[in-house]
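Worksheet: the structure to be examined is printed underneath.
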Amino acid sequence: MRNGMLSAILALLLVAFATANAETLAPDALIERMQAGGLVVYWRHAATDRSHDDYDLSDMDDCEGQRNLSTRGREQARQVGKGFEHYAIPVEQVLTSEFCRNWETAHYAFGDYEIRTELYNLPIIQDDERREDLIEGLRGHLNTPPRDPKQNIVVVGHDLNLRHAADVEIEEAEMAVFEPHADGPRLLGTLKPDDLGKR
């Protein structure tokens, strides 16, 4: 009986997983949906130099103590910015973590951005209450539509924050696109920088 129940639960989970994946949009359709506005684009910072990690975060304005963008990462950020421009994807606001790799990603892509402390990198935080505040803060961002429904909001953040807030995992430079909804943010699909290349 117990094995039968576990099998049934597993089957339901697999169906739910398949359904969720079936509902996500292919890159071309997702770009077209982004052109209409009303979405939140969560962008994990572009590729970084993995030869060293964050070692001194006492002064967030000092990039020397942080893991920063690689040359490839800067190219990816510019590529995404050009892609948004080429496809006329409207952006109302760009929000970013205060880590240098994040705001530099925003800078190379869009120029203007606003740093938000509630987007701080989750693994650095040891206090459980503060971690929960960050997770809830990101959920709030993902489910807050732009003031102008014909625009989009871009949030440049970190991987683990998104995994905890929305159970979505993306690689460096990838984007997860959400539609704010009364039942919580809905994942519409994901994009890589190359998906925004000119066609």
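If you're wondering about the labels, chains in the structure tokens are A, B, ... by order shown, residues count from 1 in each chain, ligands from 1 in order shown.
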If you count only C-alpha atoms, which residues fall within 8 Å of stretch 139-156 of chain A, apart from same-chain ones fewer than 4 positions away, as a PyMOL selection string?
chain A and resi 34+36-45+89-97+102-103+105-106+135+165-166+178-181+184-185
All residues 9 Å or closer to A:Glu104, only C-alpha atoms, same chain fewer than 5 positions away omitted, as a VMD selection string:
chain A and resid 45 to 46 68 to 69 74 77 99 109
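Non-sequential neighbours of A:Arg72 (distance at most 7 Å, separation of 3 or more positions within a chain, only C-alpha atoms) are A:Ala47, A:Glu75, A:Gln76.
The smallest atom-to-atom distance between A:Tyr108 and any of A:Lys82, A:Glu174, A:Tyr120, A:Gln126, using only C-alpha atoms, is found for A:Lys82.
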Compile the contact shell of A:Gly65 as an mmCIF file with C-alpha atoms, in the first residue's frame: residues with an atom at most 6 Å away, counting only C-alpha atoms, same-chain residues fewer than 2 positions apart removed.
data_model
loop_
_atom_site.group_PDB
_atom_site.id
_atom_site.type_symbol
_atom_site.label_atom_id
_atom_site.label_comp_id
_atom_site.auth_asym_id
_atom_site.auth_seq_id
_atom_site.Cartn_x
_atom_site.Cartn_y
_atom_site.Cartn_z
ATOM 1 C CA ASP A 54 34.575 36.907 -3.111
ATOM 2 C CA TYR A 55 37.073 37.392 -0.284
ATOM 3 C CA ASP A 56 36.492 40.896 1.065
ATOM 4 C CA CYS A 63 35.406 45.518 -6.610
#
Of the residues A:Leu188, A:Ile115, A:Leu122, A:Ile31, which is the one nearest to A:Phe84, using only C-alpha atoms?
A:Ile31
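Atom CA of A:Asp194 sits 19.6 Å away from atom CA of A:Arg101.
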Find, counting only C-alpha atoms, the residue in A:Asp195, A:Asp128, A:Arg33, A:Leu57 that gets nearest to A:Val177.
A:Arg33
Pull the helix (DSSP H, G or I) assignments for stretch 22-163 of chain A out of DSSP run on the backbone, and list those residues as a ChimeraX atom specification.
/A:22-23,27-36,63-65,71-86,100-110,117-119,122-124,128-142,159-163
Using only C-alpha atoms, determine which residues lie at most 12 Å from A:Asp28, disregarding the query and same-chain residues fewer than 2 positions distant; provide the list as a VMD selection string.
chain A and resid 24 to 26 30 to 35 87 189 to 192 194 to 199
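For stretch 95-167 of chain A, a DSSP pass over the backbone yields strand (DSSP E) at Leu95, Thr96, Glu114, Ile115, Asn152, Ile153, Val154, Val155, Val156 and Gly157 of chain A.
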Save out the residues we just selected, N, CA and C atoms, as an mmCIF file, in the first residue's frame.
data_model
loop_
_atom_site.group_PDB
_atom_site.id
_atom_site.type_symbol
_atom_site.label_atom_id
_atom_site.label_comp_id
_atom_site.auth_asym_id
_atom_site.auth_seq_id
_atom_site.Cartn_x
_atom_site.Cartn_y
_atom_site.Cartn_z
ATOM 1 N N LEU A 95 16.771 46.845 -11.812
ATOM 2 C CA LEU A 95 17.167 46.724 -10.413
ATOM 3 C C LEU A 95 18.308 45.730 -10.313
ATOM 4 N N THR A 96 19.275 45.993 -9.435
ATOM 5 C CA THR A 96 20.423 45.097 -9.350
ATOM 6 C C THR A 96 20.945 44.947 -7.930
ATOM 7 N N GLU A 114 19.332 50.697 -10.778
ATOM 8 C CA GLU A 114 19.135 51.075 -9.377
ATOM 9 C C GLU A 114 19.578 49.916 -8.496
ATOM 10 N N ILE A 115 20.495 50.161 -7.577
ATOM 11 C CA ILE A 115 20.975 49.127 -6.672
ATOM 12 C C ILE A 115 19.971 48.916 -5.544
ATOM 13 N N ASN A 152 8.607 46.468 -19.050
ATOM 14 C CA ASN A 152 9.082 45.335 -18.258
ATOM 15 C C ASN A 152 10.060 45.816 -17.195
ATOM 16 N N ILE A 153 10.242 45.010 -16.163
ATOM 17 C CA ILE A 153 11.251 45.270 -15.141
ATOM 18 C C ILE A 153 12.334 44.209 -15.272
ATOM 19 N N VAL A 154 13.591 44.632 -15.202
ATOM 20 C CA VAL A 154 14.722 43.704 -15.228
ATOM 21 C C VAL A 154 15.359 43.699 -13.845
ATOM 22 N N VAL A 155 15.541 42.511 -13.290
ATOM 23 C CA VAL A 155 16.191 42.339 -11.994
ATOM 24 C C VAL A 155 17.475 41.545 -12.223
ATOM 25 N N VAL A 156 18.620 42.142 -11.906
ATOM 26 C CA VAL A 156 19.902 41.462 -12.086
ATOM 27 C C VAL A 156 20.338 40.913 -10.726
ATOM 28 N N GLY A 157 20.253 39.586 -10.592
ATOM 29 C CA GLY A 157 20.498 38.983 -9.287
ATOM 30 C C GLY A 157 21.424 37.787 -9.323
#
Rounded to one decimal place, report the atom CA of A:Ile170-atom CA of A:Asp49 distance in Å.
17.5 Å
